Structures are given as structure tokens and as C-alpha cells.
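As provided, structure17.txt (compact mmCIF, C-alpha atoms) reads as follows.
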```txt
# COMPACT_ATOMS: atom_id res chain seq x y z
CA LEU F 98 10.38 -20.09 7.73
CA VAL F 99 8.60 -17.72 5.34
CA ASN F 100 11.56 -15.36 5.38
CA LEU F 101 13.84 -18.31 4.60
CA HIS F 102 11.50 -19.32 1.73
CA ASP F 103 11.04 -22.75 3.33
CA TRP F 104 7.54 -22.97 1.91
CA ASP F 105 6.88 -26.65 2.73
CA GLN F 106 7.66 -26.27 6.43
CA ALA F 107 5.87 -22.93 6.58
CA ALA F 108 2.75 -24.43 5.00
CA GLN F 109 2.77 -27.35 7.45
CA LEU F 110 3.14 -24.99 10.40
CA PHE F 111 0.36 -22.73 9.16
CA GLU F 112 -1.88 -25.81 8.87
CA ARG F 113 -1.03 -26.92 12.40
CA VAL F 114 -2.20 -23.58 13.80
CA ARG F 115 -5.17 -23.60 11.40
CA ILE F 116 -4.19 -20.57 9.33
CA CYS F 117 -5.29 -22.34 6.19
CA ASP F 118 -5.29 -19.34 3.84
CA LYS F 119 -1.61 -18.70 4.51
CA ALA F 120 -0.85 -22.41 4.17
CA SER F 121 -2.65 -22.36 0.83
CA ASP F 122 -0.44 -19.48 -0.36
CA CYS F 123 2.69 -21.46 0.57
CA TRP F 124 1.49 -24.64 -1.15
CA GLU F 125 0.70 -22.63 -4.27
CA ILE F 126 4.26 -21.33 -4.35
CA THR F 127 5.65 -24.87 -4.10
CA GLY F 128 3.33 -26.05 -6.87
CA ASN F 129 1.62 -28.56 -4.56
CA PHE F 130 -1.87 -27.81 -5.81
CA VAL F 131 -3.44 -30.87 -4.13
CA ASN F 132 -2.46 -29.63 -0.68
CA GLN F 133 -3.52 -26.14 -1.73
CA ARG F 134 -7.03 -27.39 -2.58
CA ILE F 135 -7.19 -29.32 0.69
CA CYS F 136 -6.46 -26.06 2.48
CA GLN F 137 -9.21 -24.37 0.49
CA ALA F 138 -11.63 -27.09 1.60
CA LYS F 139 -10.57 -26.53 5.21
CA ILE F 140 -11.16 -22.82 4.80
CA PHE F 141 -14.73 -23.56 3.63
CA GLU F 142 -15.23 -25.95 6.54
CA ASN F 143 -13.83 -23.55 9.15
CA SER F 144 -16.18 -20.82 7.88
CA CYS F 145 -19.16 -23.22 8.08
CA GLN F 146 -19.58 -23.37 4.30
CA TRP F 147 -20.36 -27.08 4.63
CA GLU F 148 -21.67 -27.70 1.11
CA SER F 149 -18.66 -26.13 -0.62
CA ALA F 150 -16.27 -27.97 1.69
CA ALA F 151 -18.03 -31.31 1.14
CA LEU F 152 -17.94 -30.98 -2.66
CA LEU F 153 -14.25 -30.06 -2.69
CA TYR F 154 -13.34 -32.92 -0.33
CA GLU F 155 -15.23 -35.30 -2.65
CA GLU F 156 -13.29 -34.05 -5.68
CA LEU F 157 -10.09 -34.76 -3.77
CA GLY F 158 -11.26 -38.27 -2.83
CA LEU F 159 -11.50 -37.46 0.86
CA GLN F 160 -14.88 -39.06 1.48
CA LYS F 161 -14.57 -39.17 5.26
CA ASP F 162 -14.02 -35.42 5.40
CA SER F 163 -16.85 -34.86 2.96
CA ASN F 164 -19.22 -36.95 5.10
CA ARG F 165 -18.27 -34.96 8.17
CA CYS F 166 -19.20 -31.71 6.43
CA ARG F 167 -22.48 -33.11 5.15
CA LEU F 168 -23.38 -34.27 8.67
CA SER F 169 -22.70 -30.78 9.96
CA LEU F 170 -24.86 -29.38 7.17
CA SER F 171 -27.77 -31.70 7.84
CA ASN F 172 -27.75 -31.11 11.58
CA LYS F 173 -27.22 -27.37 11.08
CA LEU F 174 -24.81 -27.41 13.99
CA LYS F 175 -24.22 -24.17 15.80
CA VAL F 176 -21.97 -23.50 18.73
CA LYS F 177 -23.93 -21.55 21.32
CA ASN F 178 -23.25 -20.16 24.76
CA SER F 179 -25.63 -20.28 27.71
CA SER F 180 -27.56 -17.24 26.47
CA GLY F 181 -28.14 -18.80 23.08
CA ALA F 182 -25.84 -16.45 21.18
CA SER F 183 -23.42 -17.91 18.64
CA ILE F 184 -19.81 -18.12 19.82
CA LYS F 185 -17.04 -17.30 17.41
CA PRO F 186 -14.07 -19.66 17.56
CA LYS F 187 -11.12 -18.17 19.38
CA SER F 188 -7.89 -17.54 17.53
CA THR F 189 -5.66 -20.56 17.74
CA SER F 190 -2.43 -18.57 17.83
CA LEU F 191 -0.89 -15.16 18.19
CA ILE F 192 0.16 -15.30 14.54
CA GLU F 193 -3.44 -15.74 13.45
CA SER F 194 -4.63 -12.79 15.52
CA ILE F 195 -1.91 -10.60 14.01
CA TYR F 196 -2.92 -11.51 10.45
CA GLN F 197 -6.58 -10.88 11.24
CA ASN F 198 -5.90 -7.32 12.38
CA ILE F 199 -3.63 -6.16 9.56
CA ASN F 200 -4.88 -3.56 7.08
CA SER F 201 -7.24 -5.96 5.30
CA ASP F 202 -7.56 -4.14 1.96
CA ARG F 203 -3.86 -4.20 1.16
CA LEU F 204 -3.26 -7.62 2.73
CA ASN F 205 -6.08 -9.29 0.83
CA ALA F 206 -4.65 -7.92 -2.41
CA ALA F 207 -1.27 -9.55 -1.74
CA LYS F 208 -0.68 -12.68 -3.84
CA THR F 209 2.58 -14.10 -2.49
CA VAL F 210 4.17 -14.48 0.91
CA ASP F 211 6.80 -11.88 0.00
CA GLU F 212 4.03 -9.46 -0.95
CA ILE F 213 2.33 -10.15 2.39
CA ASN F 214 5.56 -9.39 4.25
CA SER F 215 6.00 -6.26 2.15
CA THR F 216 2.48 -5.16 3.07
CA LEU F 217 3.07 -5.80 6.78
CA HIS F 218 6.17 -3.59 6.81
CA TYR F 219 4.42 -0.98 4.64
CA ASN F 220 1.55 -0.71 7.14
CA SER F 221 4.01 -0.47 10.02
CA GLY F 222 5.78 2.34 8.17
CA LEU F 223 2.49 4.21 7.78
CA GLU F 224 1.84 4.02 11.52
CA LYS F 225 5.33 5.27 12.38
CA TYR F 226 5.14 8.09 9.83
CA ASN F 227 1.85 9.24 11.34
CA ARG F 228 3.58 9.32 14.76
CA ASP F 229 6.37 11.48 13.27
CA ASP F 230 8.84 8.59 13.71
CA TYR F 231 10.41 9.21 10.32
CA GLN F 232 13.54 7.11 10.86
CA GLY F 233 11.43 4.16 11.99
CA ALA F 234 9.16 4.63 8.98
CA ILE F 235 12.17 4.69 6.63
CA LYS F 236 13.39 1.37 8.04
CA ASP F 237 9.97 -0.25 7.59
CA TYR F 238 9.52 1.05 4.05
CA THR F 239 13.01 -0.22 3.23
CA LYS F 240 12.03 -3.71 4.45
CA ALA F 241 8.82 -3.49 2.42
CA ILE F 242 10.89 -2.77 -0.69
CA GLU F 243 13.29 -5.63 0.10
CA PHE F 244 10.37 -8.07 0.08
CA ASN F 245 8.75 -6.54 -3.02
CA TYR F 246 10.84 -4.16 -5.10
CA LEU F 247 7.73 -3.26 -7.14
CA ASN F 248 5.93 -1.84 -4.10
CA ILE F 249 5.80 1.61 -5.67
CA ASP F 250 3.89 3.19 -2.78
CA ALA F 251 6.71 2.17 -0.42
CA TYR F 252 9.22 4.16 -2.50
CA ILE F 253 6.88 7.17 -2.50
CA ASN F 254 6.22 7.05 1.24
CA ARG F 255 9.88 6.41 2.07
CA GLY F 256 10.66 9.49 0.00
CA SER F 257 8.18 11.51 2.05
CA ALA F 258 9.67 10.22 5.32
CA LYS F 259 13.17 11.13 4.09
CA CYS F 260 11.95 14.57 3.06
CA GLU F 261 10.49 15.21 6.53
CA ALA F 262 13.74 13.95 8.06
CA GLY F 263 15.74 16.45 5.98
CA ASP F 264 17.26 13.94 3.55
CA TYR F 265 16.15 15.73 0.39
CA VAL F 266 18.59 13.93 -1.91
CA GLY F 267 17.35 10.56 -0.68
CA ALA F 268 13.74 11.70 -1.05
CA ILE F 269 14.33 12.82 -4.63
CA ASP F 270 15.98 9.47 -5.42
CA ASP F 271 12.97 7.52 -4.07
CA TYR F 272 10.46 9.69 -5.94
CA THR F 273 12.50 9.29 -9.11
CA THR F 274 12.58 5.50 -8.68
CA SER F 275 8.80 5.38 -8.31
CA ILE F 276 8.34 7.59 -11.37
CA ASN F 277 10.63 5.35 -13.44
CA TYR F 278 8.77 2.21 -12.36
CA GLU F 279 5.40 3.85 -13.01
CA THR F 280 6.52 4.94 -16.46
CA ASN F 281 7.09 1.28 -17.32
CA LEU F 282 4.04 -0.14 -15.51
CA ILE F 283 1.30 2.47 -15.21
CA ALA F 284 0.86 6.17 -15.89
CA PRO F 285 2.92 8.25 -13.41
CA LYS F 286 0.88 10.00 -10.74
CA ALA F 287 0.80 13.77 -10.71
CA ASP F 288 1.19 13.83 -6.94
CA VAL F 289 4.60 12.12 -7.14
CA TYR F 290 5.91 14.94 -9.35
CA HIS F 291 4.38 17.38 -6.85
CA LEU F 292 6.16 15.64 -3.97
CA ARG F 293 9.48 15.62 -5.83
CA SER F 294 8.95 19.31 -6.60
CA ILE F 295 8.61 19.99 -2.86
CA ALA F 296 11.83 18.06 -2.11
CA LYS F 297 13.69 19.95 -4.84
CA ARG F 298 12.42 23.27 -3.53
CA ARG F 299 13.62 22.42 -0.03
CA SER F 300 17.03 21.57 -1.51
CA ASN F 301 17.01 24.99 -3.28
CA ASP F 302 16.68 23.50 -6.76
CA ILE F 303 13.98 25.99 -7.77
CA GLN F 304 14.22 25.40 -11.50
CA GLY F 305 13.98 21.64 -11.01
CA ALA F 306 11.00 22.15 -8.70
CA ILE F 307 9.25 24.23 -11.39
CA GLU F 308 9.86 21.53 -14.00
CA ASP F 309 8.33 18.87 -11.74
CA ILE F 310 5.25 20.86 -10.73
CA SER F 311 4.72 21.74 -14.40
CA LYS F 312 4.75 18.00 -15.16
CA ALA F 313 2.17 17.46 -12.41
CA ILE F 314 -0.07 20.11 -14.00
CA GLU F 315 0.40 18.47 -17.40
CA ILE F 316 -0.94 15.21 -15.93
CA ASP F 317 -3.70 16.76 -13.80
CA ASN F 318 -4.66 20.40 -14.33
CA SER F 319 -7.61 20.34 -11.93
CA LEU F 320 -5.80 20.90 -8.62
CA PRO F 321 -5.38 24.53 -7.53
CA VAL F 322 -2.51 23.70 -5.16
CA TYR F 323 -0.32 22.81 -8.14
CA TYR F 324 -0.81 26.23 -9.72
CA TYR F 325 -0.36 27.99 -6.39
CA ASP F 326 2.92 26.15 -5.71
CA ARG F 327 4.25 26.88 -9.20
CA GLY F 328 3.26 30.53 -8.88
CA ASP F 329 5.07 30.66 -5.56
CA LEU F 330 8.17 29.12 -7.15
CA TYR F 331 8.11 31.66 -10.00
CA ALA F 332 7.71 34.43 -7.41
CA LYS F 333 10.74 33.07 -5.57
CA LEU F 334 12.75 33.13 -8.80
CA TYR F 335 11.60 36.71 -9.39
CA ASN F 336 12.73 37.79 -5.92
CA GLN F 337 16.10 36.14 -6.46
CA SER F 338 16.47 37.94 -9.79
CA VAL F 339 15.69 41.30 -8.19
CA ALA F 340 18.27 40.62 -5.49
CA ASN F 341 20.81 39.88 -8.22
CA GLY F 342 19.98 43.04 -10.15
CA ASP F 343 18.02 41.24 -12.86
CA SER F 344 14.34 41.58 -13.75
CA LEU F 345 12.43 38.37 -14.54
CA ASP F 346 8.83 38.61 -15.72
CA ILE F 347 6.53 38.31 -12.69
CA SER F 348 3.43 37.87 -14.89
CA ILE F 349 3.94 34.09 -15.07
CA ALA F 350 3.57 33.86 -11.29
CA VAL F 351 0.51 36.11 -11.38
CA GLU F 352 -1.13 33.90 -14.00
CA ASP F 353 -0.59 30.79 -11.87
CA PHE F 354 -1.96 32.50 -8.76
CA GLN F 355 -5.02 33.55 -10.77
CA SER F 356 -5.52 29.98 -12.06
CA ALA F 357 -5.29 28.68 -8.47
CA ALA F 358 -7.81 31.32 -7.31
CA ASP F 359 -10.24 30.42 -10.10
CA LEU F 360 -10.09 26.73 -9.21
CA TYR F 361 -10.51 27.43 -5.48
CA PHE F 362 -13.55 29.59 -6.30
CA LYS F 363 -14.98 26.80 -8.45
CA GLU F 364 -14.54 24.39 -5.51
CA GLY F 365 -16.24 26.83 -3.17
CA ASN F 366 -13.07 27.11 -1.09
CA MET F 367 -13.37 30.81 -0.33
CA ASP F 368 -10.66 30.88 2.34
CA ASN F 369 -7.97 29.83 -0.12
CA TYR F 370 -9.58 31.87 -2.88
CA HIS F 371 -9.12 35.09 -0.87
```
Can the structure from this file be put into C-alpha cells for me?
Amino acid sequence: LVNLHDWDQAAQLFERVRICDKASDCWEITGNFVNQRICQAKIFENSCQWESAALLYEELGLQKDSNRCRLSLSNKLKVKNSSGASIKPKSTSLIESIYQNINSDRLNAAKTVDEINSTLHYNSGLEKYNRDDYQGAIKDYTKAIEFNYLNIDAYINRGSAKCEAGDYVGAIDDYTTSINYETNLIAPKADVYHLRSIAKRRSNDIQGAIEDISKAIEIDNSLPVYYYDRGDLYAKLYNQSVANGDSLDISIAVEDFQSAADLYFKEGNMDNYH
């Protein structure tokens, strides 16, 4: 129902299985703010916030529900087992248990049902990428983008999955898309230029890779790996020039390697420094 954007039916079903926060999201989308506030009151009640629930029910004219919450508050009801320990209510459905175990930071930040679906697929893509299932990750990131085309991290991570799968052109396209969106919304991240530089290097576009890593350094000049990678790219150009009978200046590569070494030394990373 959510995928079909049938928000009314989805909201009613979420209420029936007592997933009131998701029902509230659906009612908000439909513009039914009365039902949304009722769901908010139920959320307070289900979490034993009796006073807040009672006040909200009263505002909505639901005196019977308000009285029920005040009775619970006055009696300080607690559900206990035989040992006296509080018992947490069991999940009322499989759907609820799934939502409760999703990456909470990203999910809680989602504001619409489409964003929630995007987040679910994004998290699935992360898990598959970490298992080296790059094709599976690409499919999940693609679904995440279909639900929310402004999920910039999904473009970046899909690009990384494509790069690992050997699709360097596709990876460069995804990184470029994320850079273009970030240019319009927020400052582009240096690491995206670094990632695109890696994809270009693997596709033998050395000059393009140098341009991207130079942009990364322009944004953030504190990371030694950027200087090391650029120095390595310049060294590769130098070796190609020697093979072709030319003689490029190797000093640029040496300067970058020295900058990387200085930064590694400053970090106390002596292994990379040496």
C-alpha cells in the first residue's frame, strides 16, 4: 500500500497493527492532521507517557481516552511477571519488528514514507556491499534512488559498488551525479572527488584522475592519502612519458610524496611516513 501511495489504507493498516508512528507519517501525507494527532496520542499512551497522552486526547475531544490515561497515571500501572520485573510488550507484527531493527539513525531522520523506503534499501545495500555482493548492492542502491532521487549517499555508494564490480564508466557517472547534486544543495565532499579519481585511474584516464584528486585537495588539504595518490598519478604519467621517449618533470610527484610524508609524520603514522 505504501509503494502504491495508498496512504489512507496504509495508515489504517498501520494503526490496526499498532505501528502508530508510521500511521502518523501516512496521515500527515494525506493532510489528515486530526488522525495524525490521534496517532501521536496513541504513541504517548503506548510508551506509558500517560500525562502527555491524556492532554492530547482532551485537546481532540476524546474524553474517554483521556480518562483512561489518567486512570493509568493515578494507579501507576505496571505490567510485571512473576519475578516482579517489568515486561515489555511483544511486537504485534512482523512489520513492526522489522522497523524496530532498522538502522535507527538514518530511519529516524526520514520524513516521508518514500524516504523510509529509500533508507531501507540503502541499509540493505550497505550490508550486501560489506559482503562483497556488489551486484546485489547496486540493485538496492538503485531502489533507494527510485524512492528518493536526492539520496546523495546512495549515488556515491552505488558508484563504489560499480567500481568494485569493474563498471568504471557507471561509477564515474554516479559520482558525477552526486557532485552535481551537492553543488546545488551543499558543498561537495572531497572524498567523492577522491573516489571518482580512483575510478578514472582504473579506467586509465590518468589526467582526469589528477584533476579530481587536485579538487579533493583544494577542498580538504589535511589528508595525506590525497597527496600520496596524486604523487603516484604524477609518477605514473612520468613513467609513461619515459616509455614514449619524453621527459616530464618528476619533481611534482616528489613534492606530493613529501607533503604526504609530512602529514603522516604529523599524525604519528610512522609506518606510512617511512
Give me, as a list in words, all polymer residues having an atom no more than 10 Å from F:Gln232, counting only C-alpha atoms and skipping those fewer than 6 positions away in the same chain.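 Near F:Gln232, the qualifying residues are Gly222, Lys225, Tyr226, Tyr238, Arg255, Ala258, Lys259, Glu261 and Ala262 of chain F.
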Selection near F:Ile303, 9 Å with all atoms listed in the file, sequence-local residues under 2 positions removed, as number ranges by chain: F: 294, 297-301, 305-308, 330-331, 333-334
Between atom CA of F:Tyr265 and atom CA of F:Asp302, what distance in Å does the model show, to one decimal?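 Computing the Euclidean distance for atom CA of F:Tyr265 and atom CA of F:Asp302 yields 10.6 Å.
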Quote the spacing between atom CA of F:Ile310 and atom CA of F:His291 in Å to one decimal place.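 Atom CA of F:Ile310 sits 5.3 Å away from atom CA of F:His291.
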Taking all atoms of stretch 266-280 of chain F that the file lists, what box with edges along x, y and z, padded by 6 Å per side, do you get, with centre and edge lengths in Å to one decimal, as JSON?
```
{"center_x": 12.0, "center_y": 8.1, "center_z": -8.6, "size_x": 25.2, "size_y": 23.7, "size_z": 27.8}
```
For atom CA of F:Asp264 and atom CA of F:Asn227, the interatomic separation in Å (one decimal):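 Interatomic distance here is 17.9 Å.
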Give as a PyMOL selection string every residue, naming chains and numbers as the document does, that has an atom within 12 Å of (-0.7, 18.9, -13.2), counting all atoms listed in the file. chain F and resi 285-292+294+307-327+353+357
Counting all atoms listed in the file, which residue out of F:Leu152, F:Ala332, F:Ile253, F:Ile276 sits closest to F:Ile135?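 For F:Ile135, the nearest of the candidates is F:Leu152.
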Counting all atoms listed in the file, what is within 7 Å of F:Ala251, bar same-chain residues fewer than 5 positions away, as an MDAnalysis selection string? chainID F and resid 219 238 241:242
